[in-house]
>>> print(open('start00.txt').read())   # compact mmCIF, N, CA and C atoms
# COMPACT_ATOMS: atom_id res chain seq x y z
N MET A 660 -47.96 49.33 -12.51
CA MET A 660 -48.62 50.22 -11.60
C MET A 660 -49.75 49.50 -10.84
N GLU A 661 -50.45 48.63 -11.55
CA GLU A 661 -51.52 47.89 -10.91
C GLU A 661 -50.97 47.00 -9.80
N LYS A 662 -49.83 46.41 -10.04
CA LYS A 662 -49.20 45.52 -9.06
C LYS A 662 -48.84 46.28 -7.79
N LYS A 663 -48.38 47.54 -7.92
CA LYS A 663 -47.99 48.33 -6.77
C LYS A 663 -49.18 48.61 -5.86
N GLU A 664 -50.34 48.88 -6.44
CA GLU A 664 -51.53 49.12 -5.63
C GLU A 664 -51.90 47.85 -4.85
N GLU A 665 -51.74 46.70 -5.49
CA GLU A 665 -52.06 45.44 -4.84
C GLU A 665 -51.14 45.19 -3.65
N ASP A 666 -49.86 45.48 -3.75
CA ASP A 666 -48.90 45.26 -2.68
C ASP A 666 -49.14 46.18 -1.49
N ASP A 667 -49.69 47.35 -1.69
CA ASP A 667 -49.89 48.31 -0.62
C ASP A 667 -51.23 48.13 0.10
N THR A 668 -52.00 47.15 -0.24
CA THR A 668 -53.31 46.95 0.37
C THR A 668 -53.16 46.55 1.84
N PRO A 669 -54.02 47.05 2.71
CA PRO A 669 -53.96 46.66 4.12
C PRO A 669 -54.57 45.29 4.38
N LEU A 670 -55.20 44.70 3.39
CA LEU A 670 -55.81 43.38 3.57
C LEU A 670 -54.75 42.30 3.61
N VAL A 671 -54.88 41.42 4.57
CA VAL A 671 -53.92 40.34 4.76
C VAL A 671 -54.70 39.04 4.86
N GLY A 672 -54.17 37.98 4.28
CA GLY A 672 -54.82 36.68 4.39
C GLY A 672 -54.70 36.13 5.80
N ILE A 673 -55.77 35.51 6.29
CA ILE A 673 -55.76 34.89 7.62
C ILE A 673 -55.97 33.39 7.43
N PHE A 674 -55.13 32.61 8.07
CA PHE A 674 -55.20 31.16 7.95
C PHE A 674 -56.03 30.58 9.09
N CYS A 675 -56.75 29.51 8.78
CA CYS A 675 -57.50 28.76 9.79
C CYS A 675 -56.77 27.44 9.98
N LEU A 676 -56.19 27.24 11.15
CA LEU A 676 -55.36 26.06 11.42
C LEU A 676 -56.18 24.96 12.07
N LYS A 677 -55.96 23.73 11.65
CA LYS A 677 -56.73 22.58 12.11
C LYS A 677 -56.01 21.73 13.15
N THR A 678 -54.68 21.75 13.17
CA THR A 678 -53.93 20.88 14.08
C THR A 678 -52.80 21.64 14.77
N ARG A 679 -52.29 21.04 15.83
CA ARG A 679 -51.15 21.64 16.56
C ARG A 679 -49.91 21.72 15.68
N GLN A 680 -49.73 20.74 14.81
CA GLN A 680 -48.57 20.75 13.94
C GLN A 680 -48.60 21.97 13.02
N ASP A 681 -49.79 22.30 12.51
CA ASP A 681 -49.93 23.51 11.69
C ASP A 681 -49.58 24.74 12.50
N MET A 682 -50.03 24.78 13.75
CA MET A 682 -49.81 25.94 14.59
C MET A 682 -48.31 26.19 14.79
N LYS A 683 -47.58 25.14 15.06
CA LYS A 683 -46.13 25.30 15.27
C LYS A 683 -45.45 25.86 14.03
N ARG A 684 -45.87 25.39 12.87
CA ARG A 684 -45.27 25.84 11.62
C ARG A 684 -45.63 27.29 11.30
N PHE A 685 -46.89 27.68 11.52
CA PHE A 685 -47.34 29.03 11.17
C PHE A 685 -46.94 30.09 12.19
N GLU A 686 -46.70 29.69 13.44
CA GLU A 686 -46.30 30.67 14.46
C GLU A 686 -45.03 31.41 14.07
N GLU A 687 -44.15 30.72 13.38
CA GLU A 687 -42.86 31.32 13.01
C GLU A 687 -42.98 32.31 11.85
N THR A 688 -44.00 32.15 11.01
CA THR A 688 -44.06 32.97 9.80
C THR A 688 -45.24 33.93 9.73
N GLU A 689 -46.32 33.66 10.43
CA GLU A 689 -47.54 34.46 10.30
C GLU A 689 -47.82 35.24 11.58
N ASP A 690 -48.37 36.43 11.41
CA ASP A 690 -48.73 37.27 12.56
C ASP A 690 -50.11 36.94 13.10
N CYS A 691 -51.00 36.48 12.25
CA CYS A 691 -52.37 36.27 12.67
C CYS A 691 -52.91 35.00 12.03
N PHE A 692 -53.53 34.16 12.84
CA PHE A 692 -54.20 32.98 12.32
C PHE A 692 -55.29 32.56 13.29
N ILE A 693 -56.26 31.80 12.81
CA ILE A 693 -57.40 31.34 13.61
C ILE A 693 -57.19 29.86 13.91
N LEU A 694 -57.47 29.47 15.15
CA LEU A 694 -57.36 28.07 15.54
C LEU A 694 -58.73 27.42 15.46
N ASP A 695 -58.80 26.30 14.78
CA ASP A 695 -60.05 25.55 14.68
C ASP A 695 -60.05 24.40 15.69
N PHE A 696 -59.31 24.56 16.78
CA PHE A 696 -59.23 23.56 17.84
C PHE A 696 -58.84 24.28 19.12
N ASP A 697 -59.01 23.62 20.25
CA ASP A 697 -58.63 24.20 21.54
C ASP A 697 -57.19 23.81 21.84
N PRO A 698 -56.27 24.78 21.86
CA PRO A 698 -54.86 24.44 22.08
C PRO A 698 -54.58 23.94 23.49
N PHE A 699 -55.53 24.11 24.40
CA PHE A 699 -55.32 23.69 25.78
C PHE A 699 -55.90 22.31 26.06
N ASP A 700 -56.58 21.70 25.08
CA ASP A 700 -57.09 20.34 25.26
C ASP A 700 -55.92 19.39 25.35
N SER A 701 -55.99 18.48 26.32
CA SER A 701 -54.92 17.49 26.43
C SER A 701 -55.22 16.33 25.49
N PHE A 702 -54.20 15.58 25.19
CA PHE A 702 -54.32 14.42 24.32
C PHE A 702 -55.04 13.33 25.08
N ASP A 703 -56.09 12.74 24.50
CA ASP A 703 -56.86 11.69 25.16
C ASP A 703 -56.68 10.38 24.41
N ALA A 704 -55.86 9.50 24.96
CA ALA A 704 -55.56 8.23 24.29
C ALA A 704 -56.79 7.34 24.20
N LYS A 705 -57.79 7.55 25.07
CA LYS A 705 -58.99 6.71 25.05
C LYS A 705 -59.82 6.93 23.79
N LYS A 706 -59.63 8.06 23.12
CA LYS A 706 -60.39 8.36 21.90
C LYS A 706 -59.78 7.69 20.67
N LEU A 707 -58.60 7.11 20.82
CA LEU A 707 -57.95 6.45 19.70
C LEU A 707 -58.56 5.07 19.48
N THR A 708 -58.51 4.60 18.26
CA THR A 708 -58.94 3.24 17.98
C THR A 708 -57.71 2.42 17.65
N PHE A 709 -57.64 1.22 18.20
CA PHE A 709 -56.50 0.36 17.99
C PHE A 709 -56.95 -0.91 17.29
N THR A 710 -56.06 -1.53 16.60
CA THR A 710 -56.35 -2.79 15.94
C THR A 710 -55.33 -3.82 16.41
N ASP A 711 -55.75 -5.07 16.47
CA ASP A 711 -54.83 -6.14 16.87
C ASP A 711 -53.95 -6.58 15.71
N ASP A 712 -54.33 -6.22 14.50
CA ASP A 712 -53.56 -6.60 13.31
C ASP A 712 -52.36 -5.67 13.17
N VAL A 713 -51.17 -6.20 13.39
CA VAL A 713 -49.95 -5.40 13.34
C VAL A 713 -49.74 -4.79 11.96
N ARG A 714 -50.17 -5.49 10.90
CA ARG A 714 -49.98 -4.99 9.54
C ARG A 714 -50.80 -3.72 9.30
N GLU A 715 -51.96 -3.59 9.95
CA GLU A 715 -52.81 -2.42 9.75
C GLU A 715 -52.54 -1.32 10.76
N GLY A 716 -51.97 -1.66 11.92
CA GLY A 716 -51.76 -0.70 12.99
C GLY A 716 -50.67 0.30 12.70
N ASP A 717 -50.61 1.33 13.51
CA ASP A 717 -49.59 2.37 13.37
C ASP A 717 -48.37 1.93 14.16
N LYS A 718 -47.30 1.59 13.47
CA LYS A 718 -46.08 1.10 14.13
C LYS A 718 -45.33 2.22 14.84
N ASP A 719 -45.67 3.47 14.52
CA ASP A 719 -44.98 4.60 15.13
C ASP A 719 -45.66 5.09 16.40
N LEU A 720 -46.77 4.50 16.79
CA LEU A 720 -47.52 4.97 17.95
C LEU A 720 -47.38 4.00 19.11
N SER A 721 -46.96 4.52 20.25
CA SER A 721 -46.87 3.73 21.47
C SER A 721 -47.35 4.60 22.62
N ILE A 722 -48.20 4.04 23.48
CA ILE A 722 -48.63 4.74 24.68
C ILE A 722 -47.63 4.36 25.77
N ILE A 723 -46.87 5.33 26.24
CA ILE A 723 -45.83 5.04 27.23
C ILE A 723 -46.14 5.64 28.59
N HIS A 724 -47.19 6.45 28.67
CA HIS A 724 -47.50 7.09 29.94
C HIS A 724 -49.00 7.33 30.05
N GLU A 725 -49.52 7.15 31.22
CA GLU A 725 -50.93 7.42 31.47
C GLU A 725 -50.99 8.18 32.78
N THR A 726 -51.77 9.24 32.82
CA THR A 726 -51.86 10.03 34.04
C THR A 726 -52.99 9.52 34.91
N GLY A 727 -52.97 9.91 36.16
CA GLY A 727 -54.01 9.48 37.09
C GLY A 727 -53.47 8.47 38.07
N GLN A 728 -54.36 7.92 38.86
CA GLN A 728 -53.96 7.00 39.90
C GLN A 728 -53.91 5.57 39.39
N VAL A 729 -53.03 5.31 38.44
CA VAL A 729 -52.94 3.97 37.88
C VAL A 729 -52.10 3.03 38.72
N ALA A 730 -51.28 3.56 39.61
CA ALA A 730 -50.44 2.69 40.44
C ALA A 730 -51.31 1.78 41.30
N CYS A 731 -52.46 2.25 41.72
CA CYS A 731 -53.36 1.44 42.55
C CYS A 731 -54.23 0.52 41.72
N ARG A 732 -53.99 0.48 40.43
CA ARG A 732 -54.72 -0.43 39.57
C ARG A 732 -53.77 -1.43 38.91
N ASP A 733 -52.58 -0.99 38.57
CA ASP A 733 -51.67 -1.81 37.78
C ASP A 733 -50.55 -2.46 38.57
N TYR A 734 -50.37 -2.09 39.82
CA TYR A 734 -49.30 -2.64 40.65
C TYR A 734 -49.88 -3.14 41.96
N PRO A 735 -49.16 -4.02 42.66
CA PRO A 735 -49.67 -4.49 43.96
C PRO A 735 -49.98 -3.31 44.90
N HIS A 736 -51.09 -3.44 45.62
CA HIS A 736 -51.57 -2.35 46.48
C HIS A 736 -52.37 -2.93 47.64
N PRO A 737 -52.41 -2.21 48.78
CA PRO A 737 -53.25 -2.68 49.87
C PRO A 737 -54.72 -2.64 49.45
N ARG A 738 -55.52 -3.51 50.01
CA ARG A 738 -56.93 -3.63 49.62
C ARG A 738 -57.67 -2.29 49.67
N HIS A 739 -57.42 -1.45 50.66
CA HIS A 739 -58.17 -0.21 50.79
C HIS A 739 -57.82 0.83 49.73
N PHE A 740 -56.78 0.58 48.91
CA PHE A 740 -56.44 1.48 47.80
C PHE A 740 -56.85 0.93 46.44
N CYS A 741 -57.53 -0.19 46.40
CA CYS A 741 -57.88 -0.84 45.14
C CYS A 741 -58.85 0.02 44.32
N LEU A 742 -58.51 0.27 43.06
CA LEU A 742 -59.39 1.04 42.18
C LEU A 742 -60.42 0.15 41.50
N ASN A 743 -60.14 -1.14 41.41
CA ASN A 743 -61.11 -2.06 40.80
C ASN A 743 -62.29 -2.32 41.73
N PHE A 744 -62.04 -2.36 43.03
CA PHE A 744 -63.08 -2.57 44.04
C PHE A 744 -62.93 -1.47 45.10
N PRO A 745 -63.50 -0.28 44.86
CA PRO A 745 -63.32 0.84 45.79
C PRO A 745 -63.75 0.48 47.22
N PHE A 746 -62.88 0.78 48.15
CA PHE A 746 -63.10 0.47 49.56
C PHE A 746 -64.29 1.28 50.08
N GLY A 747 -65.22 0.60 50.71
CA GLY A 747 -66.39 1.28 51.26
C GLY A 747 -67.59 1.27 50.34
N SER A 748 -67.38 1.29 49.02
CA SER A 748 -68.52 1.27 48.10
C SER A 748 -68.74 -0.12 47.48
N THR A 749 -67.81 -1.03 47.72
CA THR A 749 -67.96 -2.44 47.34
C THR A 749 -67.68 -3.26 48.59
N PRO A 750 -68.11 -4.52 48.63
CA PRO A 750 -67.81 -5.33 49.83
C PRO A 750 -66.31 -5.36 50.08
N ASN A 751 -65.90 -5.11 51.30
CA ASN A 751 -64.47 -5.07 51.62
C ASN A 751 -63.79 -6.42 51.43
N SER A 752 -64.57 -7.49 51.44
CA SER A 752 -63.98 -8.81 51.24
C SER A 752 -63.60 -9.06 49.78
N SER A 753 -64.16 -8.28 48.86
CA SER A 753 -63.80 -8.43 47.45
C SER A 753 -62.41 -7.84 47.22
N HIS A 754 -61.71 -8.38 46.24
CA HIS A 754 -60.34 -7.93 45.97
C HIS A 754 -59.96 -8.30 44.55
N CYS A 755 -58.98 -7.60 44.00
CA CYS A 755 -58.47 -7.93 42.66
C CYS A 755 -57.23 -8.81 42.83
N ASP A 756 -56.66 -9.22 41.72
CA ASP A 756 -55.48 -10.10 41.77
C ASP A 756 -54.24 -9.41 42.33
N LEU A 757 -54.23 -8.08 42.38
CA LEU A 757 -53.05 -7.35 42.86
C LEU A 757 -53.21 -6.82 44.29
N CYS A 758 -54.35 -7.05 44.91
CA CYS A 758 -54.56 -6.60 46.30
C CYS A 758 -53.74 -7.45 47.26
N TYR A 759 -53.29 -6.80 48.33
CA TYR A 759 -52.67 -7.55 49.41
C TYR A 759 -53.24 -7.08 50.73
N CYS A 760 -53.08 -7.90 51.75
CA CYS A 760 -53.59 -7.61 53.08
C CYS A 760 -52.76 -6.50 53.72
N TYR A 761 -53.42 -5.46 54.20
CA TYR A 761 -52.73 -4.33 54.84
C TYR A 761 -52.05 -4.77 56.13
N VAL A 762 -52.61 -5.75 56.83
CA VAL A 762 -52.06 -6.19 58.12
C VAL A 762 -50.91 -7.18 57.91
N CYS A 763 -51.12 -8.20 57.10
CA CYS A 763 -50.13 -9.27 56.93
C CYS A 763 -49.09 -8.99 55.83
N ASP A 764 -49.40 -8.09 54.91
CA ASP A 764 -48.57 -7.87 53.73
C ASP A 764 -48.44 -9.13 52.88
N LYS A 765 -49.52 -9.92 52.84
CA LYS A 765 -49.58 -11.12 52.00
C LYS A 765 -50.65 -10.91 50.94
N PRO A 766 -50.56 -11.63 49.83
CA PRO A 766 -51.60 -11.48 48.80
C PRO A 766 -52.99 -11.76 49.37
N ALA A 767 -53.96 -10.97 48.95
CA ALA A 767 -55.34 -11.17 49.40
C ALA A 767 -55.93 -12.38 48.67
N PRO A 768 -56.73 -13.16 49.35
CA PRO A 768 -57.13 -13.09 50.75
C PRO A 768 -56.13 -13.83 51.64
N CYS A 769 -55.81 -13.23 52.77
CA CYS A 769 -54.92 -13.88 53.73
C CYS A 769 -55.74 -14.86 54.57
N ALA A 770 -55.08 -15.56 55.50
CA ALA A 770 -55.76 -16.55 56.33
C ALA A 770 -56.85 -15.92 57.20
N GLU A 771 -56.70 -14.65 57.56
CA GLU A 771 -57.69 -13.99 58.42
C GLU A 771 -58.49 -12.93 57.66
N TRP A 772 -58.66 -13.14 56.38
CA TRP A 772 -59.34 -12.15 55.53
C TRP A 772 -60.77 -11.88 55.99
N THR A 773 -61.52 -12.94 56.27
CA THR A 773 -62.92 -12.76 56.67
C THR A 773 -63.25 -13.38 58.02
N ILE A 774 -62.27 -13.92 58.71
CA ILE A 774 -62.55 -14.50 60.03
C ILE A 774 -61.90 -13.67 61.12
N SER A 775 -62.31 -13.87 62.34
CA SER A 775 -61.83 -13.16 63.55
C SER A 775 -61.70 -11.66 63.33
N THR A 776 -60.50 -11.15 63.09
CA THR A 776 -60.31 -9.70 62.99
C THR A 776 -60.66 -9.13 61.61
N SER A 777 -61.01 -9.97 60.67
CA SER A 777 -61.40 -9.56 59.31
C SER A 777 -60.42 -8.56 58.70
N HIS A 778 -59.28 -9.06 58.28
CA HIS A 778 -58.25 -8.22 57.69
C HIS A 778 -58.74 -7.50 56.43
N CYS A 779 -59.83 -7.98 55.83
CA CYS A 779 -60.36 -7.32 54.63
C CYS A 779 -60.83 -5.90 54.94
N ASN A 780 -61.09 -5.59 56.21
CA ASN A 780 -61.55 -4.27 56.62
C ASN A 780 -60.41 -3.33 57.01
N ALA A 781 -59.18 -3.81 56.94
CA ALA A 781 -58.03 -3.02 57.41
C ALA A 781 -57.72 -1.86 56.47
N TYR A 782 -57.33 -0.75 57.07
CA TYR A 782 -56.90 0.44 56.33
C TYR A 782 -55.90 1.19 57.20
N ASP A 783 -55.30 2.24 56.69
CA ASP A 783 -54.28 3.00 57.41
C ASP A 783 -54.91 3.79 58.54
N SER A 784 -54.86 3.23 59.74
CA SER A 784 -55.40 3.89 60.93
C SER A 784 -54.60 3.42 62.14
N ALA A 785 -54.72 4.13 63.24
CA ALA A 785 -53.97 3.79 64.46
C ALA A 785 -54.30 2.37 64.91
N LEU A 786 -55.57 1.99 64.88
CA LEU A 786 -55.98 0.66 65.32
C LEU A 786 -55.35 -0.43 64.45
N TRP A 787 -55.48 -0.32 63.14
CA TRP A 787 -54.94 -1.34 62.26
C TRP A 787 -53.41 -1.30 62.21
N ASN A 788 -52.80 -0.16 62.41
CA ASN A 788 -51.34 -0.09 62.41
C ASN A 788 -50.76 -0.86 63.60
N LEU A 789 -51.49 -0.93 64.71
CA LEU A 789 -51.04 -1.71 65.86
C LEU A 789 -51.06 -3.21 65.55
N CYS A 790 -51.96 -3.63 64.68
CA CYS A 790 -52.09 -5.04 64.31
C CYS A 790 -51.07 -5.51 63.29
N ARG A 791 -50.44 -4.56 62.62
CA ARG A 791 -49.51 -4.94 61.56
C ARG A 791 -48.31 -5.68 62.13
N THR A 792 -47.83 -6.69 61.41
CA THR A 792 -46.69 -7.50 61.89
C THR A 792 -45.40 -7.06 61.27
>>> encode(input="start00.txt", output="structure tokens")
Amino acid sequence: MEKKEEDDTPLVGIFCLKTRQDMKRFEETEDCFILDFDPFDSFDAKKLTFTDDVREGDKDLSIIHETGQVACRDYPHPRHFCLNFPFGSTPNSSHCDLCYCYVCDKPAPCAEWTISTSHCNAYDSALWNLCRT
């Protein structure tokens, strides 16, 4: 008889979940639970710590995608799109190893990078588009 009273109680246990993996598992079986994290936070790979020692590192973890404007940092790009040396806020004559001349389509610095027409100042505009070869 005591057991029957216990089963009819309106009190229900509420779980406090710490990770997304817990949430996926409990969503299927529980009606109510508390999240101890923000489910809308995106994963931030910059907060991870990595080690160069392969024996200590996580062999199951690989970063295969990064969001944002990384194409202008990791691949060849015209000088005015360089993320390492932002156009207008750094000297236009500065360039990274992946910059190329917008006018000549040659690796920066080209032969006319800082002389005569100063190709280092070129960007996508009507004037510079006329100069392109």
>>> residues_around(input="start00.txt", residues="range 685-699 of chain A", least_positions_apart="4", cutoff="6.5 Å", atoms="all atoms listed in the file", output="ChimeraX atom specification")
/A:673-678,680-681
>>> atom_distance(input="start00.txt", atom1="CA of Asn751 in chain A", atom2="atom C of Cys779 in chain A")
5.0 Å
>>> atom_distance(input="start00.txt", atom1="atom C of Asp764 in chain A", atom2="atom C of Phe746 in chain A")
19.2 Å
>>> closest_residue(input="start00.txt", among="A:Ser753, A:Ser784, A:Ser748, A:Asn743", to="Pro768 in chain A", atoms="only C-alpha atoms")
A:Ser753
>>> atom_distance(input="start00.txt", atom1="atom N of Val762 in chain A", atom2="atom C of Leu786 in chain A")
9.7 Å
>>> residues_around(input="start00.txt", residues="Cys790 in chain A", least_positions_apart="4", cutoff="12 Å", atoms="only C-alpha atoms", output="list in words")
Cys760, Tyr761, Val762, Cys763, Asp764, Thr776, Ser777, His778, Ala781, Tyr782, Asp783, Ser784, Ala785 and Leu786 of chain A
>>> closest_residue(input="start00.txt", among="A:Gly747, A:Trp787, A:Ile774, A:Leu757", to="Tyr734 in chain A", atoms="only C-alpha atoms")
A:Leu757
>>> residues_near_point(input="start00.txt", point="(-52.4, -1.1, 45.7)", cutoff="12 Å", atoms="only C-alpha atoms", output="mmCIF file with N, CA and C atoms, keeping the file's coordinate frame")
data_model
loop_
_atom_site.group_PDB
_atom_site.id
_atom_site.type_symbol
_atom_site.label_atom_id
_atom_site.label_comp_id
_atom_site.auth_asym_id
_atom_site.auth_seq_id
_atom_site.Cartn_x
_atom_site.Cartn_y
_atom_site.Cartn_z
ATOM 1 N N GLN A 728 -54.360 7.920 38.860
ATOM 2 C CA GLN A 728 -53.960 7.000 39.900
ATOM 3 C C GLN A 728 -53.910 5.570 39.390
ATOM 4 N N VAL A 729 -53.030 5.310 38.440
ATOM 5 C CA VAL A 729 -52.940 3.970 37.880
ATOM 6 C C VAL A 729 -52.100 3.030 38.720
ATOM 7 N N ALA A 730 -51.280 3.560 39.610
ATOM 8 C CA ALA A 730 -50.440 2.690 40.440
ATOM 9 C C ALA A 730 -51.310 1.780 41.300
ATOM 10 N N CYS A 731 -52.460 2.250 41.720
ATOM 11 C CA CYS A 731 -53.360 1.440 42.550
ATOM 12 C C CYS A 731 -54.230 0.520 41.720
ATOM 13 N N ARG A 732 -53.990 0.480 40.430
ATOM 14 C CA ARG A 732 -54.720 -0.430 39.570
ATOM 15 C C ARG A 732 -53.770 -1.430 38.910
ATOM 16 N N ASP A 733 -52.580 -0.990 38.570
ATOM 17 C CA ASP A 733 -51.670 -1.810 37.780
ATOM 18 C C ASP A 733 -50.550 -2.460 38.570
ATOM 19 N N TYR A 734 -50.370 -2.090 39.820
ATOM 20 C CA TYR A 734 -49.300 -2.640 40.650
ATOM 21 C C TYR A 734 -49.880 -3.140 41.960
ATOM 22 N N PRO A 735 -49.160 -4.020 42.660
ATOM 23 C CA PRO A 735 -49.670 -4.490 43.960
ATOM 24 C C PRO A 735 -49.980 -3.310 44.900
ATOM 25 N N HIS A 736 -51.090 -3.440 45.620
ATOM 26 C CA HIS A 736 -51.570 -2.350 46.480
ATOM 27 C C HIS A 736 -52.370 -2.930 47.640
ATOM 28 N N PRO A 737 -52.410 -2.210 48.780
ATOM 29 C CA PRO A 737 -53.250 -2.680 49.870
ATOM 30 C C PRO A 737 -54.720 -2.640 49.450
ATOM 31 N N ARG A 738 -55.520 -3.510 50.010
ATOM 32 C CA ARG A 738 -56.930 -3.630 49.620
ATOM 33 C C ARG A 738 -57.670 -2.290 49.670
ATOM 34 N N HIS A 739 -57.420 -1.450 50.660
ATOM 35 C CA HIS A 739 -58.170 -0.210 50.790
ATOM 36 C C HIS A 739 -57.820 0.830 49.730
ATOM 37 N N PHE A 740 -56.780 0.580 48.910
ATOM 38 C CA PHE A 740 -56.440 1.480 47.800
ATOM 39 C C PHE A 740 -56.850 0.930 46.440
ATOM 40 N N CYS A 741 -57.530 -0.190 46.400
ATOM 41 C CA CYS A 741 -57.880 -0.840 45.140
ATOM 42 C C CYS A 741 -58.850 0.020 44.320
ATOM 43 N N LEU A 742 -58.510 0.270 43.060
ATOM 44 C CA LEU A 742 -59.390 1.040 42.180
ATOM 45 C C LEU A 742 -60.420 0.150 41.500
ATOM 46 N N ASN A 743 -60.140 -1.140 41.410
ATOM 47 C CA ASN A 743 -61.110 -2.060 40.800
ATOM 48 C C ASN A 743 -62.290 -2.320 41.730
ATOM 49 N N PHE A 744 -62.040 -2.360 43.030
ATOM 50 C CA PHE A 744 -63.080 -2.570 44.040
ATOM 51 C C PHE A 744 -62.930 -1.470 45.100
ATOM 52 N N PRO A 745 -63.500 -0.280 44.860
ATOM 53 C CA PRO A 745 -63.320 0.840 45.790
ATOM 54 C C PRO A 745 -63.750 0.480 47.220
ATOM 55 N N PHE A 746 -62.880 0.780 48.150
ATOM 56 C CA PHE A 746 -63.100 0.470 49.560
ATOM 57 C C PHE A 746 -64.290 1.280 50.080
ATOM 58 N N HIS A 754 -61.710 -8.380 46.240
ATOM 59 C CA HIS A 754 -60.340 -7.930 45.970
ATOM 60 C C HIS A 754 -59.960 -8.300 44.550
ATOM 61 N N CYS A 755 -58.980 -7.600 44.000
ATOM 62 C CA CYS A 755 -58.470 -7.930 42.660
ATOM 63 C C CYS A 755 -57.230 -8.810 42.830
ATOM 64 N N ASP A 756 -56.660 -9.220 41.720
ATOM 65 C CA ASP A 756 -55.480 -10.100 41.770
ATOM 66 C C ASP A 756 -54.240 -9.410 42.330
ATOM 67 N N LEU A 757 -54.230 -8.080 42.380
ATOM 68 C CA LEU A 757 -53.050 -7.350 42.860
ATOM 69 C C LEU A 757 -53.210 -6.820 44.290
ATOM 70 N N CYS A 758 -54.350 -7.050 44.910
ATOM 71 C CA CYS A 758 -54.560 -6.600 46.300
ATOM 72 C C CYS A 758 -53.740 -7.450 47.260
ATOM 73 N N TYR A 759 -53.290 -6.800 48.330
ATOM 74 C CA TYR A 759 -52.670 -7.550 49.410
ATOM 75 C C TYR A 759 -53.240 -7.080 50.730
ATOM 76 N N CYS A 760 -53.080 -7.900 51.750
ATOM 77 C CA CYS A 760 -53.590 -7.610 53.080
ATOM 78 C C CYS A 760 -52.760 -6.500 53.720
ATOM 79 N N TYR A 761 -53.420 -5.460 54.200
ATOM 80 C CA TYR A 761 -52.730 -4.330 54.840
ATOM 81 C C TYR A 761 -52.050 -4.770 56.130
ATOM 82 N N ASP A 764 -49.400 -8.090 54.910
ATOM 83 C CA ASP A 764 -48.570 -7.870 53.730
ATOM 84 C C ASP A 764 -48.440 -9.130 52.880
ATOM 85 N N PRO A 766 -50.560 -11.630 49.830
ATOM 86 C CA PRO A 766 -51.600 -11.480 48.800
ATOM 87 C C PRO A 766 -52.990 -11.760 49.370
ATOM 88 N N ALA A 767 -53.960 -10.970 48.950
ATOM 89 C CA ALA A 767 -55.340 -11.170 49.400
ATOM 90 C C ALA A 767 -55.930 -12.380 48.670
ATOM 91 N N TYR A 782 -57.330 -0.750 57.070
ATOM 92 C CA TYR A 782 -56.900 0.440 56.330
ATOM 93 C C TYR A 782 -55.900 1.190 57.200
#
>>> axis_aligned_box(input="start00.txt", around="range 771-786 of chain A", padding_each_side="8 Å", output="JSON")
{"center_x": -58.6, "center_y": -5.3, "center_z": 60.0, "size_x": 25.3, "size_y": 34.8, "size_z": 26.7}
